[in-house]
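Undergrad: I have a structure I would like to understand better, so I am pasting it below and will then ask my questions one at a time.
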Amino acid sequence: GKPGARNPVFCDGLEEKMGIHGNATCVIRHEESTGWLVGEENRGLALMFVMMNEARIGVGLQGIAQAEAAYQAAAAFAKERLQGRSLTGPKNPDGPADPIIVHPDVRRMLMDSRAVIEAGRAFLFWTALQGDLAHASPDEAVRQKGNDYMALMTPVVKGFLTDKGLKVCSDALQIHGGSGFTEHFPASQYMRDVRIALIYEGTNGVQALDLVGRKLAANGGRAVMGFFAELDAFVAANQDDPALKPFTEGLADAKAKLQEGTMWLMQNGLMNPDNAGAASTDYMHLFGLTALAYMWALIAKTCQAKIAAGDTDPFYATKLTIGRYYMQRVLPDTTGHLAKLTSGSELMMALPAEAF
Ligand SMILES: Cc1cc2nc3c(=O)[nH]c(=O)nc-3n(C[C@H](O)[C@H](O)[C@H](O)COP(=O)(O)OP(=O)(O)OC[C@H]3O[C@@H](n4cnc5c(N)ncnc54)[C@H](O)[C@@H]3O)c2cc1C
């Protein structure tokens, strides 16, 4: 009823964006406006990071959730769209063509997507559980580990899962062929909407730097050493189980590569900080691929136990097939990431800025 003096804050206009049109983004101008201190003076950055870390987990979830929606649209399309014949003979002989899901290259995109989405979702929940344990466990050691893991995994959840989310959305559009590039199908919207997840709440490049520059070295490397010990313990406890062999072997190999990459960073990143910067995104991907291998190993163990107990629900056998595909066809990317990250920054930084 009685407005006081105006606090001059203005909305200068709404941004035109490539996606997330349901979410308005505007430019705000402050003209000598009054602000109020929240919390203690000089603690602003630390307080902001409480919000930022939570938001980064949320953006990782956005990456996986949009990937799941895009995958579902692509899987439905692949079962309906008739084009070409199966390489091994017609699967829909009464129709004019086979559905494109018969083609191995279409399967490659569907399986790549599912292998990453399902373990990515498990990785999100596993990380969130660490947050709950950090808050609520009565055991001080468990609380400390929960905090260590939350700090270490947050940039991986944000950066790796959104990079992968974009790849899944791109593959989903590709599966739609030319229809995917039109607005008759939802694939192009998923592609536009997921793109921001690689940028806001700190770009993925900044997540990778946070991982190698701050999170690895925190508390003398306690968090990453704890993670390595957990992976070693899982492999040691399960390596004699023949049903889990593809999982324990893949996980042990990925962990060895991640450890090698970590040692290389510790030695070469300190000597020349550009080496750490040049290695950071490949290191984040090596880390994410290894974390998802661990998730698949945990999932496989649960599924095997269900099957061994006589549960015939095909859900478990399907999971095991997708998990084995991950070990066979996705996890080998660790070799490329390790080779790139250990190649150093020399050639990357060799050209003067004018050469670009
Ligand atoms: C739709 C939308 C909504 C947003 N909402 C909010 C919001 O609510 N609140 C808010 O505060 N902000 C918001 N932002 C801003 C957003 O968080 C930033 O745009 C984002 O963090 C990137 O910062 P920048 O744009 O300044 O890019 P820059 O920091 O200029 O980065 C440009 C490029 O350089 C790279 N780069 C920069 N510095 C380094 C470095 N040191 N090492 C290596 N690479 C580097 C980056 O990775 C990137 O590739 C929003 C942005 C968008 C598009």
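Following the order of the structure tokens, chains are lettered A, B, ..., residues in each are numbered from 1, and ligands are numbered from 1.
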What residues have any atom no more than 12 Å from ligand 1 when counting only C-alpha atoms and all ligand atoms, and can you list them as a PyMOL selection string?

TA: chain A and resi 14-28+48-49+51-52+55-56+59+159+192-210+212-213+273-274+276-281

Undergrad: Near segment 147-157 of chain A, within 7 Å and counting only C-alpha atoms, which residues show up once chain neighbours fewer than 2 positions away are dropped, as an mmCIF file with all heavy atoms, in the first residue's frame?

TA:
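Done, and the output landed in around31.cif:
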data_model
loop_
_atom_site.group_PDB
_atom_site.id
_atom_site.type_symbol
_atom_site.label_atom_id
_atom_site.label_comp_id
_atom_site.auth_asym_id
_atom_site.auth_seq_id
_atom_site.Cartn_x
_atom_site.Cartn_y
_atom_site.Cartn_z
ATOM 1 N N ASN A 53 27.550 -26.296 -5.529
ATOM 2 C CA ASN A 53 27.802 -27.744 -5.567
ATOM 3 C C ASN A 53 26.506 -28.521 -5.725
ATOM 4 O O ASN A 53 26.445 -29.505 -6.462
ATOM 5 C CB ASN A 53 28.562 -28.190 -4.309
ATOM 6 C CG ASN A 53 30.018 -27.776 -4.388
ATOM 7 O OD1 ASN A 53 30.580 -27.656 -5.488
ATOM 8 N ND2 ASN A 53 30.635 -27.539 -3.256
ATOM 9 N N ARG A 56 25.417 -28.108 -9.268
ATOM 10 C CA ARG A 56 26.206 -28.908 -10.221
ATOM 11 C C ARG A 56 25.704 -30.348 -10.293
ATOM 12 O O ARG A 56 25.649 -30.940 -11.377
ATOM 13 C CB ARG A 56 27.693 -28.848 -9.832
ATOM 14 C CG ARG A 56 28.273 -27.504 -10.172
ATOM 15 C CD ARG A 56 29.683 -27.277 -9.704
ATOM 16 N NE ARG A 56 30.107 -25.956 -10.197
ATOM 17 C CZ ARG A 56 31.298 -25.422 -9.995
ATOM 18 N NH1 ARG A 56 32.208 -26.070 -9.295
ATOM 19 N NH2 ARG A 56 31.601 -24.248 -10.501
ATOM 20 N N ILE A 57 25.333 -30.903 -9.142
ATOM 21 C CA ILE A 57 24.734 -32.252 -9.153
ATOM 22 C C ILE A 57 23.419 -32.196 -9.952
ATOM 23 O O ILE A 57 23.128 -33.090 -10.761
ATOM 24 C CB ILE A 57 24.454 -32.745 -7.707
ATOM 25 C CG1 ILE A 57 25.753 -32.815 -6.887
ATOM 26 C CG2 ILE A 57 23.727 -34.080 -7.719
ATOM 27 C CD1 ILE A 57 26.659 -33.953 -7.184
ATOM 28 N N GLY A 60 24.159 -32.197 -13.624
ATOM 29 C CA GLY A 60 24.513 -33.568 -14.051
ATOM 30 C C GLY A 60 23.251 -34.390 -14.264
ATOM 31 O O GLY A 60 23.118 -35.129 -15.247
ATOM 32 N N LEU A 124 24.925 -41.003 -10.265
ATOM 33 C CA LEU A 124 24.279 -39.847 -9.630
ATOM 34 C C LEU A 124 23.723 -40.219 -8.264
ATOM 35 O O LEU A 124 23.938 -39.513 -7.280
ATOM 36 C CB LEU A 124 23.118 -39.383 -10.507
ATOM 37 C CG LEU A 124 23.377 -38.193 -11.398
ATOM 38 C CD1 LEU A 124 22.349 -38.151 -12.513
ATOM 39 C CD2 LEU A 124 23.326 -36.901 -10.614
ATOM 40 N N THR A 127 26.474 -40.942 -5.737
ATOM 41 C CA THR A 127 27.090 -39.707 -5.245
ATOM 42 C C THR A 127 26.151 -39.001 -4.267
ATOM 43 O O THR A 127 26.590 -38.516 -3.212
ATOM 44 C CB THR A 127 27.433 -38.777 -6.426
ATOM 45 O OG1 THR A 127 28.250 -39.491 -7.344
ATOM 46 C CG2 THR A 127 28.175 -37.530 -5.968
ATOM 47 N N GLN A 130 26.321 -40.406 -0.937
ATOM 48 C CA GLN A 130 27.484 -39.947 -0.166
ATOM 49 C C GLN A 130 27.136 -38.660 0.584
ATOM 50 O O GLN A 130 27.566 -38.441 1.720
ATOM 51 C CB GLN A 130 28.701 -39.691 -1.076
ATOM 52 C CG GLN A 130 29.115 -40.866 -1.953
ATOM 53 C CD GLN A 130 29.355 -42.134 -1.172
ATOM 54 O OE1 GLN A 130 29.886 -42.089 -0.065
ATOM 55 N NE2 GLN A 130 28.960 -43.257 -1.731
ATOM 56 N N GLY A 131 26.338 -37.809 -0.060
ATOM 57 C CA GLY A 131 25.896 -36.571 0.585
ATOM 58 C C GLY A 131 25.022 -36.867 1.808
ATOM 59 O O GLY A 131 25.173 -36.245 2.860
ATOM 60 N N ALA A 134 27.234 -38.163 4.533
ATOM 61 C CA ALA A 134 28.027 -37.076 5.110
ATOM 62 C C ALA A 134 27.198 -36.290 6.126
ATOM 63 O O ALA A 134 27.711 -35.818 7.129
ATOM 64 C CB ALA A 134 28.530 -36.152 4.007
ATOM 65 N N ARG A 143 31.144 -40.195 7.702
ATOM 66 C CA ARG A 143 30.815 -38.799 7.357
ATOM 67 C C ARG A 143 31.961 -38.155 6.577
ATOM 68 O O ARG A 143 31.740 -37.485 5.566
ATOM 69 C CB ARG A 143 30.526 -37.979 8.623
ATOM 70 C CG ARG A 143 29.184 -38.251 9.253
ATOM 71 C CD ARG A 143 28.712 -37.082 10.132
ATOM 72 N NE ARG A 143 29.662 -36.721 11.170
ATOM 73 C CZ ARG A 143 29.759 -37.309 12.365
ATOM 74 N NH1 ARG A 143 28.921 -38.282 12.670
ATOM 75 N NH2 ARG A 143 30.661 -36.924 13.251
ATOM 76 N N GLN A 144 33.189 -38.421 7.049
ATOM 77 C CA GLN A 144 34.353 -37.838 6.366
ATOM 78 C C GLN A 144 34.467 -38.374 4.937
ATOM 79 O O GLN A 144 34.699 -37.626 3.988
ATOM 80 C CB GLN A 144 35.635 -38.159 7.140
ATOM 81 C CG GLN A 144 36.860 -37.528 6.511
ATOM 82 C CD GLN A 144 38.138 -37.989 7.173
ATOM 83 O OE1 GLN A 144 38.630 -39.083 6.926
ATOM 84 N NE2 GLN A 144 38.668 -37.152 8.028
ATOM 85 N N LYS A 145 34.276 -39.678 4.791
ATOM 86 C CA LYS A 145 34.363 -40.277 3.454
ATOM 87 C C LYS A 145 33.267 -39.723 2.547
ATOM 88 O O LYS A 145 33.489 -39.434 1.363
ATOM 89 C CB LYS A 145 34.237 -41.797 3.562
ATOM 90 C CG LYS A 145 34.689 -42.504 2.316
ATOM 91 C CD LYS A 145 34.873 -43.978 2.549
ATOM 92 C CE LYS A 145 35.562 -44.581 1.362
ATOM 93 N NZ LYS A 145 35.691 -45.999 1.426
ATOM 94 N N GLY A 159 30.480 -32.489 -15.191
ATOM 95 C CA GLY A 159 31.182 -32.359 -16.472
ATOM 96 C C GLY A 159 31.054 -33.601 -17.350
ATOM 97 O O GLY A 159 30.709 -33.512 -18.536
ATOM 98 N N PHE A 160 31.315 -34.755 -16.787
ATOM 99 C CA PHE A 160 31.319 -35.994 -17.578
ATOM 100 C C PHE A 160 29.894 -36.384 -17.998
ATOM 101 O O PHE A 160 29.647 -36.710 -19.169
ATOM 102 C CB PHE A 160 31.966 -37.122 -16.767
ATOM 103 C CG PHE A 160 31.908 -38.463 -17.427
ATOM 104 C CD1 PHE A 160 32.694 -38.753 -18.529
ATOM 105 C CD2 PHE A 160 31.071 -39.463 -16.939
ATOM 106 C CE1 PHE A 160 32.640 -40.010 -19.146
ATOM 107 C CE2 PHE A 160 31.012 -40.713 -17.540
ATOM 108 C CZ PHE A 160 31.795 -40.979 -18.644
ATOM 109 N N LEU A 161 28.949 -36.317 -17.049
ATOM 110 C CA LEU A 161 27.594 -36.767 -17.396
ATOM 111 C C LEU A 161 26.910 -35.823 -18.385
ATOM 112 O O LEU A 161 26.082 -36.260 -19.187
ATOM 113 C CB LEU A 161 26.730 -36.943 -16.138
ATOM 114 C CG LEU A 161 27.124 -38.088 -15.202
ATOM 115 C CD1 LEU A 161 26.104 -38.248 -14.083
ATOM 116 C CD2 LEU A 161 27.304 -39.423 -15.937
ATOM 117 N N GLN A 207 34.987 -27.400 -14.694
ATOM 118 C CA GLN A 207 34.810 -28.592 -13.830
ATOM 119 C C GLN A 207 36.067 -29.457 -13.854
ATOM 120 O O GLN A 207 36.529 -29.953 -12.825
ATOM 121 C CB GLN A 207 33.617 -29.447 -14.294
ATOM 122 C CG GLN A 207 32.284 -28.747 -14.369
ATOM 123 C CD GLN A 207 31.875 -28.096 -13.072
ATOM 124 O OE1 GLN A 207 31.965 -28.711 -12.011
ATOM 125 N NE2 GLN A 207 31.465 -26.854 -13.148
ATOM 126 N N ALA A 208 36.608 -29.637 -15.073
ATOM 127 C CA ALA A 208 37.801 -30.493 -15.214
ATOM 128 C C ALA A 208 38.983 -29.877 -14.467
ATOM 129 O O ALA A 208 39.754 -30.594 -13.806
ATOM 130 C CB ALA A 208 38.126 -30.677 -16.698
ATOM 131 N N ASP A 210 38.727 -27.889 -11.845
ATOM 132 C CA ASP A 210 38.416 -28.043 -10.417
ATOM 133 C C ASP A 210 38.849 -29.435 -9.946
ATOM 134 O O ASP A 210 39.449 -29.593 -8.880
ATOM 135 C CB ASP A 210 36.903 -27.840 -10.220
ATOM 136 C CG ASP A 210 36.468 -28.025 -8.774
ATOM 137 O OD1 ASP A 210 37.156 -27.506 -7.883
ATOM 138 O OD2 ASP A 210 35.431 -28.679 -8.550
ATOM 139 N N LEU A 211 38.570 -30.435 -10.794
ATOM 140 C CA LEU A 211 38.934 -31.813 -10.439
ATOM 141 C C LEU A 211 40.453 -31.968 -10.304
ATOM 142 O O LEU A 211 40.938 -32.460 -9.283
ATOM 143 C CB LEU A 211 38.386 -32.782 -11.505
ATOM 144 C CG LEU A 211 38.724 -34.256 -11.331
ATOM 145 C CD1 LEU A 211 38.093 -34.830 -10.056
ATOM 146 C CD2 LEU A 211 38.261 -35.074 -12.548
ATOM 147 N N LYS A 215 40.428 -30.714 -6.350
ATOM 148 C CA LYS A 215 39.830 -31.871 -5.669
ATOM 149 C C LYS A 215 40.817 -33.028 -5.492
ATOM 150 O O LYS A 215 40.785 -33.714 -4.478
ATOM 151 C CB LYS A 215 38.587 -32.342 -6.436
ATOM 152 C CG LYS A 215 37.494 -31.282 -6.562
ATOM 153 C CD LYS A 215 36.987 -30.845 -5.220
ATOM 154 C CE LYS A 215 35.986 -29.697 -5.226
ATOM 155 N NZ LYS A 215 34.753 -29.931 -5.967
ATOM 156 N N ALA A 223 40.748 -38.332 -0.784
ATOM 157 C CA ALA A 223 39.513 -38.791 -1.432
ATOM 158 C C ALA A 223 39.807 -39.761 -2.572
ATOM 159 O O ALA A 223 39.208 -40.835 -2.661
ATOM 160 C CB ALA A 223 38.719 -37.590 -1.957
ATOM 161 N N MET A 284 39.134 -35.977 -16.628
ATOM 162 C CA MET A 284 37.744 -36.036 -16.140
ATOM 163 C C MET A 284 36.982 -37.177 -16.827
ATOM 164 O O MET A 284 36.210 -37.908 -16.189
ATOM 165 C CB MET A 284 37.054 -34.705 -16.394
ATOM 166 C CG MET A 284 35.618 -34.633 -15.899
ATOM 167 S SD MET A 284 34.922 -32.996 -16.142
ATOM 168 C CE MET A 284 34.621 -32.997 -17.917
ATOM 169 N N GLY A 288 35.371 -40.429 -15.166
ATOM 170 C CA GLY A 288 33.953 -40.756 -15.323
ATOM 171 C C GLY A 288 33.755 -42.164 -15.881
ATOM 172 O O GLY A 288 32.893 -42.913 -15.408
#

Undergrad: Report as a ChimeraX atom specification all protein, DNA and RNA residues lying within 7 Å of Phe77 of chain A, evaluated on only C-alpha atoms, omitting residues in the same chain fewer than 4 positions from it.

TA: /A:73,81,176

Undergrad: Next, the residues of the selection above should be written as an mmCIF file, in the first residue's frame with N, CA and C atoms.

TA:
data_model
loop_
_atom_site.group_PDB
_atom_site.id
_atom_site.type_symbol
_atom_site.label_atom_id
_atom_site.label_comp_id
_atom_site.auth_asym_id
_atom_site.auth_seq_id
_atom_site.Cartn_x
_atom_site.Cartn_y
_atom_site.Cartn_z
ATOM 1 N N ALA A 73 12.785 -41.575 -27.112
ATOM 2 C CA ALA A 73 12.211 -41.144 -28.397
ATOM 3 C C ALA A 73 12.907 -41.882 -29.541
ATOM 4 N N ARG A 81 10.389 -46.937 -37.767
ATOM 5 C CA ARG A 81 10.857 -46.454 -39.071
ATOM 6 C C ARG A 81 11.336 -47.621 -39.939
ATOM 7 N N HIS A 176 17.083 -40.580 -35.774
ATOM 8 C CA HIS A 176 15.887 -40.075 -36.477
ATOM 9 C C HIS A 176 16.182 -39.688 -37.933
#

Undergrad: Report the distance between atom CA of Arg121 of chain A and atom CA of Ile64 of chain A in Å, rounded to one decimal place.

TA: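 The value is 6.7 Å.
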
Undergrad: Please provide the set of residues having any atom within 12 Å of Ala252 of chain A, restricted to only C-alpha atoms, with same-chain residues fewer than 3 positions apart removed, written as a list in words.

TA: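 Near Ala252 of chain A, the qualifying residues are Phe228, Ala229, Glu230, Leu231, Asp232, Ala233, Phe234, Val235, Ala236, Asn238, Gln239, Lys245, Pro246, Phe247, Thr248, Glu249, Lys255, Ala256, Lys257, Leu258, Gln259, Thr290, Ala291, Ala293, Tyr294, Ala297, Met327 and Leu331 of chain A.
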
Undergrad: Would you mind exporting the chosen residues as a compact mmCIF listing (two decimals), in the first residue's frame, restricted to N, CA, C and O atoms?

TA:
# COMPACT_ATOMS: atom_id res chain seq x y z
N PHE A 228 40.32 -45.33 -4.93
CA PHE A 228 41.14 -46.42 -5.49
C PHE A 228 41.06 -47.66 -4.58
O PHE A 228 40.92 -48.78 -5.06
N ALA A 229 41.14 -47.43 -3.27
CA ALA A 229 41.10 -48.56 -2.31
C ALA A 229 39.75 -49.27 -2.41
O ALA A 229 39.69 -50.51 -2.35
N GLU A 230 38.67 -48.49 -2.60
CA GLU A 230 37.34 -49.11 -2.71
C GLU A 230 37.24 -49.97 -3.97
O GLU A 230 36.69 -51.07 -3.95
N LEU A 231 37.79 -49.47 -5.09
CA LEU A 231 37.76 -50.25 -6.34
C LEU A 231 38.60 -51.52 -6.19
O LEU A 231 38.17 -52.60 -6.60
N ASP A 232 39.80 -51.38 -5.60
CA ASP A 232 40.67 -52.55 -5.38
C ASP A 232 39.95 -53.60 -4.53
O ASP A 232 40.03 -54.80 -4.82
N ALA A 233 39.27 -53.13 -3.49
CA ALA A 233 38.59 -54.07 -2.57
C ALA A 233 37.48 -54.81 -3.31
O ALA A 233 37.31 -56.03 -3.13
N PHE A 234 36.74 -54.10 -4.20
CA PHE A 234 35.67 -54.76 -4.95
C PHE A 234 36.25 -55.84 -5.87
O PHE A 234 35.74 -56.97 -5.93
N VAL A 235 37.34 -55.48 -6.57
CA VAL A 235 37.95 -56.44 -7.51
C VAL A 235 38.47 -57.65 -6.74
O VAL A 235 38.22 -58.80 -7.12
N ALA A 236 39.17 -57.40 -5.63
CA ALA A 236 39.74 -58.51 -4.84
C ALA A 236 38.64 -59.44 -4.35
O ALA A 236 38.78 -60.67 -4.37
N ASN A 238 35.75 -60.05 -5.68
CA ASN A 238 34.87 -60.66 -6.70
C ASN A 238 35.59 -61.26 -7.90
O ASN A 238 34.95 -61.80 -8.80
N GLN A 239 36.93 -61.19 -7.91
CA GLN A 239 37.64 -61.60 -9.13
C GLN A 239 37.57 -63.11 -9.38
O GLN A 239 37.79 -63.56 -10.51
N LYS A 245 33.51 -61.90 -14.23
CA LYS A 245 34.85 -61.66 -14.80
C LYS A 245 34.92 -60.45 -15.74
O LYS A 245 35.82 -59.61 -15.60
N PRO A 246 33.99 -60.31 -16.70
CA PRO A 246 34.10 -59.13 -17.59
C PRO A 246 34.09 -57.82 -16.81
O PRO A 246 34.69 -56.83 -17.24
N PHE A 247 33.41 -57.83 -15.68
CA PHE A 247 33.26 -56.60 -14.90
C PHE A 247 34.50 -56.34 -14.04
O PHE A 247 35.01 -55.22 -14.00
N THR A 248 34.99 -57.38 -13.37
CA THR A 248 36.16 -57.16 -12.50
C THR A 248 37.40 -56.88 -13.35
O THR A 248 38.22 -56.03 -13.00
N GLU A 249 37.53 -57.57 -14.49
CA GLU A 249 38.70 -57.32 -15.35
C GLU A 249 38.66 -55.91 -15.93
O GLU A 249 39.66 -55.19 -15.93
N LYS A 255 40.85 -48.82 -13.56
CA LYS A 255 41.41 -48.23 -12.33
C LYS A 255 42.93 -48.07 -12.47
O LYS A 255 43.50 -47.06 -12.04
N ALA A 256 43.60 -49.06 -13.08
CA ALA A 256 45.06 -48.96 -13.27
C ALA A 256 45.38 -47.75 -14.15
O ALA A 256 46.33 -46.99 -13.89
N LYS A 257 44.58 -47.53 -15.19
CA LYS A 257 44.81 -46.38 -16.08
C LYS A 257 44.54 -45.06 -15.35
O LYS A 257 45.28 -44.09 -15.51
N LEU A 258 43.48 -45.04 -14.56
CA LEU A 258 43.17 -43.82 -13.82
C LEU A 258 44.29 -43.50 -12.82
O LEU A 258 44.68 -42.34 -12.65
N GLN A 259 44.81 -44.55 -12.20
CA GLN A 259 45.90 -44.33 -11.24
C GLN A 259 47.15 -43.82 -11.97
O GLN A 259 47.82 -42.91 -11.49
N THR A 290 35.72 -44.69 -15.54
CA THR A 290 36.08 -45.65 -14.48
C THR A 290 34.96 -45.73 -13.44
O THR A 290 34.59 -46.82 -12.99
N ALA A 291 34.41 -44.57 -13.07
CA ALA A 291 33.31 -44.56 -12.09
C ALA A 291 32.11 -45.34 -12.63
O ALA A 291 31.48 -46.11 -11.90
N ALA A 293 32.26 -47.76 -14.81
CA ALA A 293 32.63 -49.18 -14.79
C ALA A 293 32.36 -49.78 -13.41
O ALA A 293 31.87 -50.91 -13.28
N TYR A 294 32.64 -48.99 -12.36
CA TYR A 294 32.37 -49.46 -10.99
C TYR A 294 30.86 -49.62 -10.79
O TYR A 294 30.40 -50.62 -10.21
N ALA A 297 29.78 -52.74 -12.37
CA ALA A 297 30.21 -53.90 -11.60
C ALA A 297 29.28 -54.13 -10.41
O ALA A 297 28.89 -55.28 -10.12
N MET A 327 31.53 -52.60 -20.91
CA MET A 327 32.93 -53.01 -20.68
C MET A 327 33.64 -53.24 -22.03
O MET A 327 34.80 -52.90 -22.19
N LEU A 331 34.16 -48.69 -22.42
CA LEU A 331 35.31 -48.52 -21.52
C LEU A 331 36.66 -48.42 -22.25
O LEU A 331 37.56 -47.73 -21.74

Undergrad: Tell me which of A:Asp163, A:Asp98, A:Glu68, A:Glu32 sits closest to Leu82 of chain A, counting only C-alpha atoms.

TA: A:Asp98

Undergrad: Using DSSP on the backbone coordinates, identify the residues of segment 49-170 of chain A assigned to alpha helix (DSSP H); present them as JSON, numbers by chain.

TA: {"A": [49, 50, 51, 52, 53, 54, 55, 56, 57, 58, 59, 60, 61, 62, 63, 64, 65, 66, 67, 68, 69, 70, 71, 72, 73, 74, 75, 76, 77, 78, 79, 80, 104, 105, 106, 107, 108, 109, 110, 111, 112, 113, 114, 115, 116, 117, 118, 119, 120, 121, 122, 123, 124, 125, 126, 127, 128, 129, 130, 131, 132, 133, 134, 135, 136, 140, 141, 142, 143, 144, 145, 146, 147, 148, 149, 150, 151, 152, 153, 154, 155, 156, 157, 158, 159, 160, 161, 162, 163, 164, 165, 166, 167, 168, 169, 170]}

Undergrad: With only C-alpha atoms as the counted atoms, please give the residues lying no more than 6 Å from segment 171-173 of chain A, apart from itself and same-chain residues fewer than 6 positions off, as a PDB file with N, CA, C and O atoms, in the first residue's frame.

TA:
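result03.pdb written:
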ATOM      1  N   ALA A  70      15.635 -38.438 -24.665  1.00  0.00           N
ATOM      2  CA  ALA A  70      16.041 -38.503 -26.075  1.00  0.00           C
ATOM      3  C   ALA A  70      16.187 -39.958 -26.516  1.00  0.00           C
ATOM      4  O   ALA A  70      15.766 -40.342 -27.619  1.00  0.00           O
ATOM      5  N   TYR A  71      16.779 -40.779 -25.635  1.00  0.00           N
ATOM      6  CA  TYR A  71      16.947 -42.206 -25.942  1.00  0.00           C
ATOM      7  C   TYR A  71      15.581 -42.878 -26.145  1.00  0.00           C
ATOM      8  O   TYR A  71      15.392 -43.659 -27.087  1.00  0.00           O
ATOM      9  N   ALA A  74      14.243 -42.030 -29.451  1.00  0.00           N
ATOM     10  CA  ALA A  74      15.005 -42.682 -30.521  1.00  0.00           C
ATOM     11  C   ALA A  74      14.681 -44.175 -30.596  1.00  0.00           C
ATOM     12  O   ALA A  74      14.555 -44.737 -31.696  1.00  0.00           O
ATOM     13  N   MET A 109      24.365 -47.016 -31.600  1.00  0.00           N
ATOM     14  CA  MET A 109      23.993 -45.749 -30.954  1.00  0.00           C
ATOM     15  C   MET A 109      23.032 -45.987 -29.782  1.00  0.00           C
ATOM     16  O   MET A 109      23.164 -45.357 -28.736  1.00  0.00           O
ATOM     17  N   GLY A 180      14.971 -36.057 -37.696  1.00  0.00           N
ATOM     18  CA  GLY A 180      15.497 -35.524 -36.444  1.00  0.00           C
ATOM     19  C   GLY A 180      15.861 -34.062 -36.547  1.00  0.00           C
ATOM     20  O   GLY A 180      15.812 -33.328 -35.546  1.00  0.00           O
ATOM     21  N   ALA A 187      13.513 -34.734 -31.166  1.00  0.00           N
ATOM     22  CA  ALA A 187      14.966 -34.929 -31.009  1.00  0.00           C
ATOM     23  C   ALA A 187      15.743 -33.614 -31.013  1.00  0.00           C
ATOM     24  O   ALA A 187      16.686 -33.427 -30.234  1.00  0.00           O
TER      25      ALA A 187
END

Undergrad: What's the 10 Å shell around Ile299 of chain A, counting only C-alpha atoms, without same-chain residues fewer than 4 positions away, as a PyMOL selection string?

TA: chain A and resi 118-119+122+247+293-295+303-304+316+319-320+323

Undergrad: Could you write out that same residue set with C-alpha atoms as a CSV table (one decimal), in the first residue's frame?

TA:
chain,number,residue,atom,x,y,z
A,118,GLU,CA,21.9,-46.5,-16.8
A,119,ALA,CA,25.3,-46.4,-15.1
A,122,ALA,CA,23.5,-45.1,-10.8
A,247,PHE,CA,33.3,-56.6,-14.9
A,293,ALA,CA,32.6,-49.2,-14.8
A,294,TYR,CA,32.4,-49.5,-11.0
A,295,MET,CA,28.6,-48.8,-11.2
A,303,CYS,CA,21.8,-58.9,-10.9
A,304,GLN,CA,23.9,-62.1,-10.7
A,316,TYR,CA,18.4,-58.7,-14.7
A,319,LYS,CA,21.1,-55.3,-17.4
A,320,LEU,CA,24.0,-57.8,-17.6
A,323,GLY,CA,26.8,-53.8,-18.7
